[in-house]
>>> print(open('my_file04.txt').read())   # compact mmCIF, C-alpha atoms
# COMPACT_ATOMS: atom_id res chain seq x y z
CA MET A 194 15.90 -0.18 16.04
CA ALA A 195 13.61 2.61 17.16
CA ALA A 196 14.58 6.02 18.37
CA GLY A 197 16.27 5.88 21.75
CA GLY A 198 17.68 2.42 21.01
CA LYS A 199 14.49 0.48 21.77
CA PRO A 200 13.61 -2.39 19.43
CA ARG A 201 10.42 -1.83 17.44
CA MET A 202 7.27 -3.91 17.13
CA SER A 203 4.05 -3.26 15.24
CA LEU A 204 0.79 -4.73 16.48
CA VAL A 205 -2.73 -4.86 15.11
CA LEU A 206 -5.84 -4.93 17.29
CA VAL A 207 -8.60 -7.09 15.79
CA GLY A 208 -11.95 -8.13 17.18
CA PRO A 209 -15.69 -8.10 16.49
CA GLN A 210 -17.53 -4.80 16.28
CA GLY A 211 -18.14 -3.35 19.76
CA CYS A 212 -15.61 -5.50 21.63
CA GLY A 213 -13.74 -2.44 22.93
CA LYS A 214 -10.57 -2.43 20.80
CA THR A 215 -10.41 1.33 20.32
CA THR A 216 -11.26 2.07 23.94
CA ALA A 217 -8.58 -0.29 25.25
CA LEU A 218 -5.81 0.91 22.93
CA ALA A 219 -6.68 4.56 23.58
CA LYS A 220 -6.67 4.07 27.35
CA LEU A 221 -3.34 2.24 27.16
CA CYS A 222 -1.88 5.16 25.19
CA GLU A 223 -3.35 7.63 27.70
CA GLN A 224 -1.74 5.76 30.60
CA LEU A 225 1.60 5.81 28.78
CA ALA A 226 1.28 9.53 27.89
CA ALA A 227 1.55 8.67 24.19
CA PHE A 228 -0.89 11.33 22.95
CA PRO A 229 0.18 14.93 22.19
CA THR A 230 -0.89 16.86 25.30
CA GLU A 231 -2.64 19.82 23.66
CA GLU A 232 -4.48 17.75 21.05
CA HIS A 233 -5.58 15.22 23.69
CA ALA A 234 -6.92 17.99 25.92
CA GLN A 235 -8.99 19.36 23.02
CA CYS A 236 -10.38 15.90 22.35
CA GLN A 237 -11.28 15.40 26.01
CA ASN A 238 -13.02 18.79 26.17
CA LEU A 239 -15.00 18.02 23.00
CA ALA A 240 -16.18 14.67 24.34
CA MET A 241 -17.28 16.29 27.60
CA GLU A 242 -19.08 19.15 25.85
CA LEU A 243 -21.01 16.69 23.68
CA GLY A 244 -21.93 14.56 26.68
CA ARG A 245 -19.86 11.57 25.55
CA PRO A 246 -17.12 11.20 28.19
CA PRO A 247 -16.39 7.51 27.37
CA TYR A 248 -14.92 8.73 24.05
CA GLN A 249 -12.46 11.24 25.54
CA HIS A 250 -9.49 9.00 24.67
CA GLY A 251 -10.97 6.88 21.87
CA TRP A 252 -11.58 9.90 19.66
CA MET A 253 -7.82 10.34 19.43
CA LEU A 254 -7.97 7.22 17.23
CA ASP A 255 -11.44 7.60 15.69
CA ARG A 256 -11.01 10.99 14.02
CA LEU A 257 -13.54 10.89 11.18
CA PRO A 258 -16.91 12.60 11.81
CA ASN A 259 -18.78 9.40 10.86
CA GLU A 260 -16.70 7.35 13.29
CA ARG A 261 -17.34 9.74 16.15
CA GLU A 262 -21.03 10.07 15.41
CA ARG A 263 -21.71 6.32 15.23
CA GLY A 264 -19.07 5.13 17.68
CA MET A 265 -17.62 2.77 15.05
CA THR A 266 -14.15 2.55 13.52
CA ASP A 267 -14.19 2.71 9.71
CA VAL A 268 -10.54 3.08 8.77
CA PRO A 269 -7.39 1.81 10.52
CA ALA A 270 -5.77 4.25 12.94
CA ILE A 271 -2.02 4.27 13.61
CA GLN A 272 -0.77 5.23 17.06
CA SER A 273 2.70 4.91 18.58
CA PHE A 274 3.49 4.21 22.23
CA SER A 275 6.42 2.88 24.22
CA SER A 276 7.10 0.60 27.16
CA GLU A 277 10.39 0.54 29.00
CA ALA A 278 11.59 -2.22 26.65
CA PHE A 279 9.99 -1.60 23.25
CA SER A 280 8.69 1.06 20.90
CA TYR A 281 5.30 0.05 19.48
CA THR A 282 3.22 1.06 16.50
CA GLY A 283 -0.38 0.11 17.19
CA LEU A 284 -2.98 -0.32 14.43
CA ASP A 285 -6.61 -0.12 15.47
CA THR A 286 -8.94 -1.81 12.96
CA PRO A 287 -12.67 -1.84 12.22
CA GLY A 288 -14.54 -4.94 13.39
CA ARG A 289 -17.42 -4.93 10.92
CA GLU A 290 -17.41 -7.51 8.12
CA SER A 291 -18.54 -4.84 5.63
CA VAL A 292 -15.14 -3.13 5.90
CA ALA A 293 -13.04 -6.29 6.18
CA LYS A 294 -10.78 -4.98 3.41
CA ASN A 295 -9.61 -2.15 5.69
CA MET A 296 -8.89 -4.62 8.48
CA LEU A 297 -6.89 -6.96 6.22
CA CYS A 298 -4.77 -4.09 4.89
CA ALA A 299 -3.75 -3.09 8.42
CA THR A 300 -3.18 -6.71 9.46
CA SER A 301 -0.64 -7.12 6.67
CA LEU A 302 1.55 -4.50 8.39
CA ALA A 303 1.77 -6.08 11.85
CA ASP A 304 4.26 -8.30 13.67
CA VAL A 305 1.83 -9.25 16.45
CA ALA A 306 -1.96 -9.56 16.63
CA VAL A 307 -3.98 -8.57 19.69
CA LEU A 308 -7.32 -10.37 19.50
CA VAL A 309 -9.89 -8.53 21.62
CA VAL A 310 -13.07 -10.36 22.71
CA SER A 311 -15.79 -9.01 24.99
CA ALA A 312 -16.66 -10.82 28.20
CA ALA A 313 -20.03 -9.03 28.47
CA GLU A 314 -23.05 -11.31 28.61
CA GLY A 315 -24.66 -11.56 25.19
CA GLU A 316 -21.68 -10.04 23.38
CA TRP A 317 -19.46 -13.07 24.02
CA GLU A 318 -22.22 -15.47 22.99
CA VAL A 319 -22.71 -13.61 19.69
CA THR A 320 -18.94 -13.73 19.13
CA VAL A 321 -19.01 -17.53 19.42
CA GLU A 322 -22.19 -18.10 17.39
CA SER A 323 -21.15 -15.82 14.52
CA GLY A 324 -17.64 -17.25 14.29
CA ARG A 325 -16.38 -13.71 13.74
CA ALA A 326 -13.47 -13.85 16.20
CA ARG A 327 -12.34 -17.17 14.74
CA GLU A 328 -12.40 -15.71 11.23
CA LEU A 329 -10.36 -12.71 12.36
CA ALA A 330 -7.78 -15.03 13.94
CA LEU A 331 -7.62 -16.99 10.69
CA ASP A 332 -7.10 -13.77 8.73
CA CYS A 333 -4.20 -12.84 11.02
CA PHE A 334 -2.62 -16.27 10.60
CA THR A 335 -3.09 -16.07 6.82
CA MET A 336 -1.39 -12.68 6.66
CA GLY A 337 1.67 -14.18 8.33
CA ILE A 338 1.29 -13.05 11.94
CA LYS A 339 2.88 -15.79 14.02
CA THR A 340 2.12 -14.42 17.48
CA VAL A 341 -1.24 -13.55 19.00
CA VAL A 342 -2.09 -12.02 22.38
CA VAL A 343 -5.69 -12.15 23.64
CA TRP A 344 -7.30 -9.36 25.64
CA VAL A 345 -10.60 -10.33 27.26
CA SER A 346 -12.29 -6.94 27.51
CA LYS A 347 -15.21 -5.46 29.47
CA MET A 348 -14.40 -7.44 32.61
CA ASP A 349 -15.97 -4.52 34.51
CA ASP A 350 -19.34 -4.99 32.77
CA VAL A 351 -22.30 -5.37 35.15
CA THR A 352 -22.95 -8.85 33.74
CA VAL A 353 -19.35 -9.95 34.43
CA GLN A 354 -18.19 -8.14 37.57
CA PHE A 355 -14.59 -9.30 37.15
CA SER A 356 -15.61 -12.99 37.25
CA SER A 357 -12.71 -15.44 37.03
CA ALA A 358 -15.12 -18.16 35.88
CA ARG A 359 -16.23 -16.06 32.91
CA PHE A 360 -12.60 -15.37 31.99
CA GLU A 361 -11.66 -19.05 32.14
CA GLU A 362 -14.70 -20.00 30.03
CA ILE A 363 -13.65 -17.56 27.31
CA LYS A 364 -9.99 -18.56 27.53
CA LYS A 365 -10.84 -22.22 26.96
CA THR A 366 -13.00 -21.54 23.89
CA VAL A 367 -10.62 -19.04 22.27
CA SER A 368 -7.59 -21.29 22.89
CA THR A 369 -9.34 -24.07 21.01
CA PHE A 370 -10.13 -22.10 17.88
CA LEU A 371 -6.73 -20.40 17.81
CA LYS A 372 -5.13 -23.84 17.64
CA GLU A 373 -7.63 -24.89 14.97
CA VAL A 374 -6.66 -22.01 12.67
CA GLY A 375 -2.96 -22.78 13.04
CA TYR A 376 -1.50 -21.02 16.09
CA LYS A 377 0.92 -23.28 17.96
CA GLN A 378 2.16 -20.97 20.72
CA LYS A 379 2.93 -22.94 23.87
CA ASP A 380 2.04 -20.20 26.32
CA MET A 381 -0.53 -18.04 24.58
CA PRO A 382 -1.14 -14.98 26.80
CA PHE A 383 -4.72 -14.17 27.85
CA VAL A 384 -5.19 -10.93 29.77
CA PRO A 385 -8.49 -9.84 31.41
CA ILE A 386 -8.89 -6.08 30.97
CA ALA A 387 -11.33 -3.19 31.31
CA GLY A 388 -10.66 -0.56 28.66
CA LEU A 389 -12.74 2.28 30.11
CA SER A 390 -11.14 2.17 33.54
CA GLY A 391 -7.79 0.83 32.39
CA GLU A 392 -7.77 -2.29 34.59
CA ASN A 393 -4.76 -4.57 33.88
CA LEU A 394 -3.46 -2.50 31.00
CA THR A 395 -0.24 -1.17 32.55
CA SER A 396 -0.63 -2.21 36.20
CA LYS A 397 -2.29 -5.08 38.06
CA SER A 398 -5.93 -4.56 38.94
CA PRO A 399 -7.01 -5.04 42.57
CA GLU A 400 -10.43 -6.00 41.17
CA MET A 401 -8.92 -9.18 39.71
CA SER A 402 -6.64 -10.43 42.45
CA TRP A 403 -7.31 -13.98 41.22
CA TYR A 404 -5.36 -13.22 38.03
CA SER A 405 -1.61 -13.86 38.37
CA GLY A 406 -0.54 -13.32 34.77
CA PRO A 407 1.05 -10.29 33.08
CA THR A 408 -0.60 -6.95 32.37
CA ALA A 409 -1.57 -6.18 28.77
CA LEU A 410 1.65 -4.23 28.27
CA GLU A 411 3.81 -6.90 29.92
CA ALA A 412 2.25 -9.55 27.68
CA LEU A 413 3.31 -7.53 24.63
CA ASP A 414 6.84 -7.01 25.96
CA ALA A 415 7.13 -10.77 26.57
CA VAL A 416 6.74 -11.43 22.85
CA GLY A 417 10.34 -10.26 22.58
CA PRO A 418 12.28 -8.73 19.70
CA ILE A 419 11.02 -9.62 16.22
CA ASN A 420 13.48 -11.38 13.92
CA ARG A 421 13.58 -9.41 10.70
CA PRO A 422 14.34 -11.05 7.31
CA ALA A 423 17.80 -10.82 5.88
CA GLU A 424 18.55 -7.67 3.90
CA LYS A 425 16.75 -7.65 0.57
CA PRO A 426 15.72 -5.00 -1.99
CA LEU A 427 13.16 -2.42 -0.90
CA ARG A 428 9.49 -3.46 -0.85
CA MET A 429 6.88 -1.26 0.86
CA PRO A 430 3.14 -1.75 0.20
CA VAL A 431 1.15 1.50 0.42
CA LEU A 432 -1.54 1.67 3.13
CA LYS A 433 -2.48 5.35 2.93
CA VAL A 434 -1.91 8.26 0.55
CA LEU A 435 -2.08 11.80 1.92
CA ASN A 436 -1.81 15.29 0.50
CA VAL A 437 -0.28 17.23 3.38
CA PRO A 438 -0.28 21.07 3.24
CA GLU A 439 3.24 22.52 2.87
CA VAL A 440 4.63 18.98 2.53
CA GLY A 441 2.93 17.51 -0.52
CA THR A 442 2.36 13.86 -1.34
CA VAL A 443 2.95 11.43 1.53
CA VAL A 444 2.58 7.64 1.41
CA VAL A 445 2.25 5.58 4.59
CA GLY A 446 3.11 1.89 4.87
CA ARG A 447 5.38 -0.68 6.43
CA ILE A 448 8.79 -1.38 4.99
CA GLU A 449 8.74 -5.14 4.53
CA THR A 450 12.30 -5.50 3.26
CA GLY A 451 15.21 -3.20 2.47
CA SER A 452 15.46 0.41 3.57
CA ILE A 453 14.55 3.90 2.40
CA ARG A 454 16.24 7.25 2.94
CA PRO A 455 15.88 10.79 1.61
CA GLY A 456 17.12 11.20 -1.95
CA LEU A 457 16.34 7.63 -3.00
CA LYS A 458 14.71 7.20 -6.41
CA ILE A 459 11.69 4.91 -6.09
CA ILE A 460 9.19 3.30 -8.45
CA PHE A 461 5.58 2.28 -7.89
CA SER A 462 4.01 -0.98 -9.02
CA PRO A 463 1.46 -1.04 -10.59
CA SER A 464 1.93 2.16 -12.63
CA GLY A 465 5.64 2.64 -13.32
CA LEU A 466 5.53 6.05 -11.64
CA VAL A 467 8.95 7.24 -10.49
CA ALA A 468 9.45 9.62 -7.58
CA GLU A 469 12.07 10.73 -5.13
CA ALA A 470 11.88 10.38 -1.36
CA LYS A 471 12.17 13.86 0.16
CA SER A 472 11.92 12.93 3.82
CA ILE A 473 11.03 10.00 6.09
CA GLN A 474 8.83 10.27 9.18
CA LYS A 475 8.50 7.67 11.92
CA ASP A 476 6.37 8.20 15.02
CA GLY A 477 5.82 11.80 13.96
CA ALA A 478 9.52 12.68 13.78
CA LYS A 479 11.86 12.97 10.82
CA VAL A 480 14.47 10.22 10.58
CA SER A 481 17.45 9.69 8.31
CA GLU A 482 16.38 6.19 7.29
CA GLY A 483 13.53 3.68 7.54
CA SER A 484 14.26 -0.05 7.57
CA GLY A 485 12.50 -3.40 7.63
CA GLY A 486 9.55 -3.51 10.03
CA ASP A 487 9.21 0.27 10.34
CA ILE A 488 5.85 1.88 9.62
CA VAL A 489 6.77 5.19 8.01
CA GLY A 490 5.43 8.17 6.14
CA VAL A 491 7.46 9.03 3.05
CA SER A 492 7.07 12.49 1.49
CA LEU A 493 7.62 12.40 -2.26
CA SER A 494 8.52 14.73 -5.08
CA GLY A 495 7.63 14.11 -8.71
CA VAL A 496 4.16 12.60 -8.16
CA GLU A 497 0.72 13.78 -7.09
CA ALA A 498 -1.34 12.08 -4.38
CA ALA A 499 -4.11 11.38 -6.91
CA GLU A 500 -1.71 9.22 -8.95
CA ILE A 501 -1.09 6.74 -6.13
CA GLN A 502 -3.45 4.15 -4.67
CA ARG A 503 -3.45 1.89 -1.63
CA GLY A 504 -2.12 -1.52 -2.64
CA MET A 505 0.71 -0.21 -4.80
CA VAL A 506 4.19 -1.39 -3.85
CA LEU A 507 7.09 1.01 -3.53
CA SER A 508 10.54 -0.29 -4.52
CA GLY A 509 13.97 0.99 -5.48
CA SER A 510 14.32 2.03 -9.11
CA ASN A 511 17.54 0.00 -9.38
CA ASP A 512 15.66 -3.24 -8.50
CA PRO A 513 11.99 -2.51 -9.15
CA ALA A 514 9.01 -4.64 -8.24
CA ALA A 515 6.82 -5.78 -11.17
CA ASP A 516 3.15 -6.52 -11.75
CA ALA A 517 1.99 -10.13 -11.91
CA GLU A 518 0.66 -11.60 -15.17
CA THR A 519 -0.15 -14.99 -13.61
CA PHE A 520 1.03 -16.92 -10.57
CA LEU A 521 1.10 -20.48 -9.27
CA ALA A 522 -0.20 -20.87 -5.72
CA GLN A 523 -0.93 -23.58 -3.20
CA VAL A 524 -4.43 -22.94 -1.86
CA VAL A 525 -6.28 -24.38 1.12
CA VAL A 526 -10.06 -24.28 0.63
CA LEU A 527 -11.39 -23.50 4.10
CA ASP A 528 -15.09 -22.85 3.70
CA HIS A 529 -16.81 -22.85 0.33
CA PRO A 530 -20.48 -23.88 -0.10
CA GLY A 531 -19.97 -25.69 -3.40
CA LEU A 532 -17.35 -26.85 -5.88
CA ILE A 533 -14.56 -24.60 -7.10
CA ARG A 534 -13.79 -25.00 -10.80
CA ALA A 535 -11.59 -23.28 -13.37
CA GLY A 536 -13.04 -19.84 -14.09
CA TYR A 537 -13.99 -19.10 -10.46
CA CYS A 538 -13.14 -15.44 -9.79
CA PRO A 539 -13.20 -14.30 -6.13
CA ALA A 540 -11.09 -11.49 -4.65
CA ILE A 541 -7.69 -11.99 -3.06
CA ALA A 542 -6.35 -9.85 -0.23
CA VAL A 543 -2.57 -9.66 -0.52
CA HIS A 544 -0.45 -7.18 1.48
CA THR A 545 -2.50 -3.93 1.31
CA ALA A 546 -4.19 -4.75 -2.02
CA GLN A 547 -7.46 -6.50 -2.80
CA VAL A 548 -8.13 -7.50 -6.41
CA PRO A 549 -10.34 -9.94 -8.35
CA CYS A 550 -8.40 -13.04 -9.34
CA GLU A 551 -9.43 -15.93 -11.59
CA PHE A 552 -8.70 -19.58 -10.88
CA GLU A 553 -7.45 -20.15 -14.43
CA GLU A 554 -6.37 -23.77 -14.07
CA LEU A 555 -6.58 -26.35 -11.29
CA VAL A 556 -3.17 -27.99 -11.61
CA ALA A 557 -3.24 -30.63 -8.88
CA LYS A 558 -4.73 -31.76 -5.59
CA ILE A 559 -2.34 -32.15 -2.68
CA ASP A 560 -2.59 -34.85 -0.01
CA ARG A 561 -2.72 -32.95 3.31
CA LYS A 562 -0.89 -35.71 5.18
CA THR A 563 2.00 -36.32 2.79
CA GLY A 564 2.17 -32.97 0.97
CA LYS A 565 2.43 -34.81 -2.35
CA GLU A 566 0.20 -34.63 -5.41
CA SER A 567 -2.75 -37.00 -5.23
CA GLU A 568 -4.49 -35.99 -8.48
CA THR A 569 -3.45 -33.95 -11.51
CA ASN A 570 -5.73 -31.56 -13.40
CA PRO A 571 -8.75 -32.10 -11.13
CA GLU A 572 -12.11 -30.85 -12.37
CA SER A 573 -13.03 -29.25 -9.05
CA ALA A 574 -12.07 -28.65 -5.43
CA GLN A 575 -14.13 -28.29 -2.27
CA THR A 576 -13.91 -27.39 1.41
CA GLY A 577 -11.01 -29.06 3.19
CA GLU A 578 -8.92 -29.73 0.09
CA VAL A 579 -5.49 -28.38 -0.82
CA ILE A 580 -4.89 -27.54 -4.47
CA THR A 581 -2.19 -26.11 -6.68
CA VAL A 582 -3.76 -23.44 -8.89
CA LYS A 583 -2.66 -21.21 -11.74
CA MET A 584 -4.26 -17.84 -11.01
CA ARG A 585 -4.64 -14.70 -13.11
CA PRO A 586 -5.25 -11.29 -11.48
CA ARG A 587 -8.04 -9.38 -13.21
CA ALA A 588 -6.55 -6.05 -12.14
CA LEU A 589 -2.98 -4.80 -11.91
CA VAL A 590 -1.25 -5.92 -8.72
CA CYS A 591 2.30 -6.47 -7.50
CA LEU A 592 3.02 -9.97 -6.12
CA GLU A 593 6.12 -11.90 -5.13
CA THR A 594 6.86 -15.52 -4.28
CA PHE A 595 6.47 -16.45 -0.63
CA SER A 596 10.04 -17.77 -0.50
CA ALA A 597 11.49 -14.44 -1.66
CA TYR A 598 9.18 -11.88 0.02
CA ALA A 599 6.80 -13.63 2.42
CA PRO A 600 4.55 -10.59 3.15
CA LEU A 601 3.90 -10.16 -0.58
CA GLY A 602 3.51 -13.88 -1.24
CA ARG A 603 0.59 -14.95 0.96
CA PHE A 604 -3.06 -14.11 0.48
CA ALA A 605 -6.59 -14.63 1.71
CA ILE A 606 -9.40 -15.51 -0.70
CA ARG A 607 -12.56 -13.50 -0.10
CA ASP A 608 -16.03 -14.13 -1.51
CA HIS A 609 -19.36 -12.62 -0.41
CA GLY A 610 -17.73 -10.98 2.61
CA ARG A 611 -16.13 -14.18 3.95
CA THR A 612 -12.66 -15.69 3.91
CA ILE A 613 -13.13 -18.94 1.99
CA GLY A 614 -9.49 -19.92 1.54
CA VAL A 615 -5.84 -19.02 1.96
CA GLY A 616 -2.81 -19.45 -0.24
CA VAL A 617 0.90 -19.01 -0.71
CA ILE A 618 2.54 -18.04 -4.00
CA LYS A 619 5.05 -20.51 -5.43
CA GLU A 620 5.87 -18.91 -8.80
CA VAL A 621 5.10 -15.58 -10.46
CA THR A 622 5.09 -14.73 -14.16
CA LYS A 623 5.71 -10.99 -14.18
CA ARG A 624 4.87 -8.27 -16.65
CA PRO A 625 7.75 -6.13 -17.95
CA VAL A 626 8.46 -3.16 -15.71
CA PRO A 627 6.83 -0.21 -17.50
CA LYS A 628 8.82 2.81 -18.52
CA PRO A 629 8.25 5.83 -16.25
CA ARG A 630 5.16 7.72 -17.32
CA LYS A 631 2.50 10.09 -16.08
CA ASP A 632 -0.56 8.46 -17.62
CA ASN A 633 -0.77 6.16 -14.64
CA GLN A 634 -2.78 2.92 -14.64
CA TYR A 635 -3.82 1.34 -11.38
CA PHE A 636 -6.61 -0.72 -9.97
CA ASP A 637 -9.54 0.85 -8.18
CA ASP A 638 -9.49 0.81 -4.39
>>> encode(input="my_file04.txt", output="structure tokens")
Amino acid sequence: MAAGGKPRMSLVLVGPQGCGKTTALAKLCEQLAAFPTEEHAQCQNLAMELGRPPYQHGWMLDRLPNERERGMTDVPAIQSFSSEAFSYTGLDTPGRESVAKNMLCATSLADVAVLVVSAAEGEWEVTVESGRARELALDCFTMGIKTVVVWVSKMDDVTVQFSSARFEEIKKTVSTFLKEVGYKQKDMPFVPIAGLSGENLTSKSPEMSWYSGPTALEALDAVGPINRPAEKPLRMPVLKVLNVPEVGTVVVGRIETGSIRPGLKIIFSPSGLVAEAKSIQKDGAKVSEGSGGDIVGVSLSGVEAAEIQRGMVLSGSNDPAADAETFLAQVVVLDHPGLIRAGYCPAIAVHTAQVPCEFEELVAKIDRKTGKESETNPESAQTGEVITVKMRPRALVCLETFSAYAPLGRFAIRDHGRTIGVGVIKEVTKRPVPKPRKDNQYFDD
């Protein structure tokens, strides 16, 4: 439960580069007065002085000099806002395939996905032809997000002019591929919006009187409270590591299970580093406890920021998480140009980590209709097939079985910048939990 008694939801905005994700989320936050007043005013003044007024709200999310110069998001931004019913944590993600790892890390933290597609002529056609939006939807489904809301952006573009026909065309196409990747929502919300002017974000737009559905904010509220898993030991994958002046080392991530409070002794996997939680921050304010579903910043004592990496998992020292030696997974091969054999070594994206992982042994092929084994010890697998595989991470990583900790037990398989398969972890052979030490070992980001 969030501050003020409102239930909490986290959402991730995904979409192709240039679809207007950052602009729409920033305008929504501006309409809800979610930005700190003084900081927002400085950002607005800077955008005006530099002759870039369209970025007066978006630069509150895109803070890096490179992002502002190129008008492109590189790293996920976290921004809180509230409706009358819910307290939200929004994650804005980059749309470029070259930084897909950053997008997947943020996606692993979310309860709900907002898929943003541009209605502008040319931009929508490229979205369809490239298959980028479909791949992003598949990534969201793979990372365990069960609910998706679609915002059709740039309805105010000169090539669209708030056309209901254009909206319906896009809705039909997107509905089809969302069902193809696995979404089974009966009433999937599609909202036509204009991020720059704020049309249909928090109030109905007179420019689209033909639209009778909810606003963007109402569509999010309609998702309803998120059912959290039953109480389990603490597991929190690390998304960001910060060295904050006068505070020290701070790790940011979502608490997947369990809870954390000041004074708790915690351990990091991989590494075996032990620290103590000094304080917990949520939505910029100190809180006495963080629990499942909360995205928090935890200030630590006993460790340096340089010793911690994104992809590590924070757990309680009384029930620590462990690194995986090998694991058994059920994998669906979605799109691979050839045959997959033992020895194949792509990358897997699991929670906030991405590591190389070898297909050590193809154990069996699974019949997609019956779910039973159709062939044991197959020589190869190809697109469309389901296989049981013994896999060996080629870098240190913390994994769990899907049945015990679902967010740490599902993964996407990435090769040459594309998602070629998805999997769930059935069994894990774990390494012994290392004794606390300072000569930390961890995988490269």
>>> residues_near_point(input="my_file04.txt", point="(-15.8, -18.3, 26.6)", cutoff="10 Å", atoms="all atoms listed in the file", output="list in words")
Val310, Ser311, Ala312, Trp317, Glu318, Thr320, Val321, Val345, Ala358, Arg359, Phe360, Glu361, Glu362, Ile363, Lys364, Lys365, Thr366, Val367 and Ser368 of chain A
>>> residues_near_point(input="my_file04.txt", point="(-2.5, -11.8, 7.6)", cutoff="7 Å", atoms="all atoms listed in the file", output="list in words")
Leu297, Thr300, Ser301, Asp332, Cys333, Phe334, Thr335, Met336, Gly337 and Ile338 of chain A
>>> residues_around(input="my_file04.txt", residues="segment 544-547 of chain A", least_positions_apart="3", cutoff="9 Å", atoms="only C-alpha atoms", output="mmCIF file with C-alpha atoms, in the frame of the given file")
data_model
loop_
_atom_site.group_PDB
_atom_site.id
_atom_site.type_symbol
_atom_site.label_atom_id
_atom_site.label_comp_id
_atom_site.auth_asym_id
_atom_site.auth_seq_id
_atom_site.Cartn_x
_atom_site.Cartn_y
_atom_site.Cartn_z
ATOM 1 C CA LYS A 294 -10.780 -4.980 3.410
ATOM 2 C CA ASN A 295 -9.610 -2.150 5.690
ATOM 3 C CA LEU A 297 -6.890 -6.960 6.220
ATOM 4 C CA CYS A 298 -4.770 -4.090 4.890
ATOM 5 C CA ALA A 299 -3.750 -3.090 8.420
ATOM 6 C CA THR A 300 -3.180 -6.710 9.460
ATOM 7 C CA SER A 301 -0.640 -7.120 6.670
ATOM 8 C CA LEU A 302 1.550 -4.500 8.390
ATOM 9 C CA MET A 336 -1.390 -12.680 6.660
ATOM 10 C CA PRO A 430 3.140 -1.750 0.200
ATOM 11 C CA VAL A 431 1.150 1.500 0.420
ATOM 12 C CA LEU A 432 -1.540 1.670 3.130
ATOM 13 C CA GLY A 446 3.110 1.890 4.870
ATOM 14 C CA ARG A 503 -3.450 1.890 -1.630
ATOM 15 C CA GLY A 504 -2.120 -1.520 -2.640
ATOM 16 C CA MET A 505 0.710 -0.210 -4.800
ATOM 17 C CA VAL A 506 4.190 -1.390 -3.850
ATOM 18 C CA ALA A 540 -11.090 -11.490 -4.650
ATOM 19 C CA ILE A 541 -7.690 -11.990 -3.060
ATOM 20 C CA VAL A 590 -1.250 -5.920 -8.720
ATOM 21 C CA CYS A 591 2.300 -6.470 -7.500
ATOM 22 C CA LEU A 592 3.020 -9.970 -6.120
ATOM 23 C CA PRO A 600 4.550 -10.590 3.150
ATOM 24 C CA LEU A 601 3.900 -10.160 -0.580
ATOM 25 C CA GLY A 602 3.510 -13.880 -1.240
ATOM 26 C CA ARG A 603 0.590 -14.950 0.960
ATOM 27 C CA PHE A 604 -3.060 -14.110 0.480
ATOM 28 C CA ASP A 638 -9.490 0.810 -4.390
#
>>> closest_residue(input="my_file04.txt", among="A:Ala468, A:Ile501, A:Leu413, A:Val205", to="Ser276 of chain A", atoms="all atoms listed in the file")
A:Leu413
>>> closest_residue(input="my_file04.txt", among="A:Asn238, A:Asn393, A:Gln575, A:Thr612", to="Ser346 of chain A", atoms="all atoms listed in the file")
A:Asn393
>>> closest_residue(input="my_file04.txt", among="A:Tyr598, A:Lys214, A:Pro209, A:Cys538", to="Ser323 of chain A", atoms="only C-alpha atoms")
A:Pro209
>>> closest_residue(input="my_file04.txt", among="A:Val384, A:Val351, A:Val489, A:Gly614", to="Gly477 of chain A", atoms="all atoms listed in the file")
A:Val489
>>> atom_distance(input="my_file04.txt", atom1="atom CA of Leu555 of chain A", atom2="atom CA of Ile533 of chain A")
9.2 Å
>>> closest_residue(input="my_file04.txt", among="A:Lys347, A:Ser357, A:Asp255, A:Asn420", to="Glu392 of chain A", atoms="all atoms listed in the file")
A:Lys347
>>> atom_distance(input="my_file04.txt", atom1="atom CA of Asp380 of chain A", atom2="atom CA of Ser396 of chain A")
20.7 Å
>>> residues_around(input="my_file04.txt", residues="Arg263 of chain A", least_positions_apart="4", cutoff="12 Å", atoms="only C-alpha atoms", output="compact mmCIF listing (two decimals) with C-alpha atoms, in the frame of the given file")
# COMPACT_ATOMS: atom_id res chain seq x y z
CA GLN A 210 -17.53 -4.80 16.28
CA GLY A 211 -18.14 -3.35 19.76
CA ARG A 245 -19.86 11.57 25.55
CA TYR A 248 -14.92 8.73 24.05
CA TRP A 252 -11.58 9.90 19.66
CA ASP A 255 -11.44 7.60 15.69
CA ARG A 256 -11.01 10.99 14.02
CA LEU A 257 -13.54 10.89 11.18
CA PRO A 258 -16.91 12.60 11.81
CA ASN A 259 -18.78 9.40 10.86
CA ASP A 267 -14.19 2.71 9.71
>>> residues_around(input="my_file04.txt", residues="Asp414 of chain A", least_positions_apart="4", cutoff="9 Å", atoms="only C-alpha atoms", output="short mmCIF file (atom, residue, chain, number, x, y, z; two decimals) with C-alpha atoms, in the frame of the given file")
data_model
loop_
_atom_site.label_atom_id
_atom_site.label_comp_id
_atom_site.auth_asym_id
_atom_site.auth_seq_id
_atom_site.Cartn_x
_atom_site.Cartn_y
_atom_site.Cartn_z
CA SER A 276 7.10 0.60 27.16
CA GLU A 277 10.39 0.54 29.00
CA ALA A 278 11.59 -2.22 26.65
CA PHE A 279 9.99 -1.60 23.25
CA ALA A 409 -1.57 -6.18 28.77
CA LEU A 410 1.65 -4.23 28.27
CA PRO A 418 12.28 -8.73 19.70
#
>>> atom_distance(input="my_file04.txt", atom1="atom CA of Leu243 of chain A", atom2="atom CA of Pro229 of chain A")
21.3 Å
>>> residues_around(input="my_file04.txt", residues="Ile448 of chain A", least_positions_apart="5", cutoff="10 Å", atoms="all atoms listed in the file", output="ChimeraX atom specification")
/A:302,427-431,453,483-489,506-508
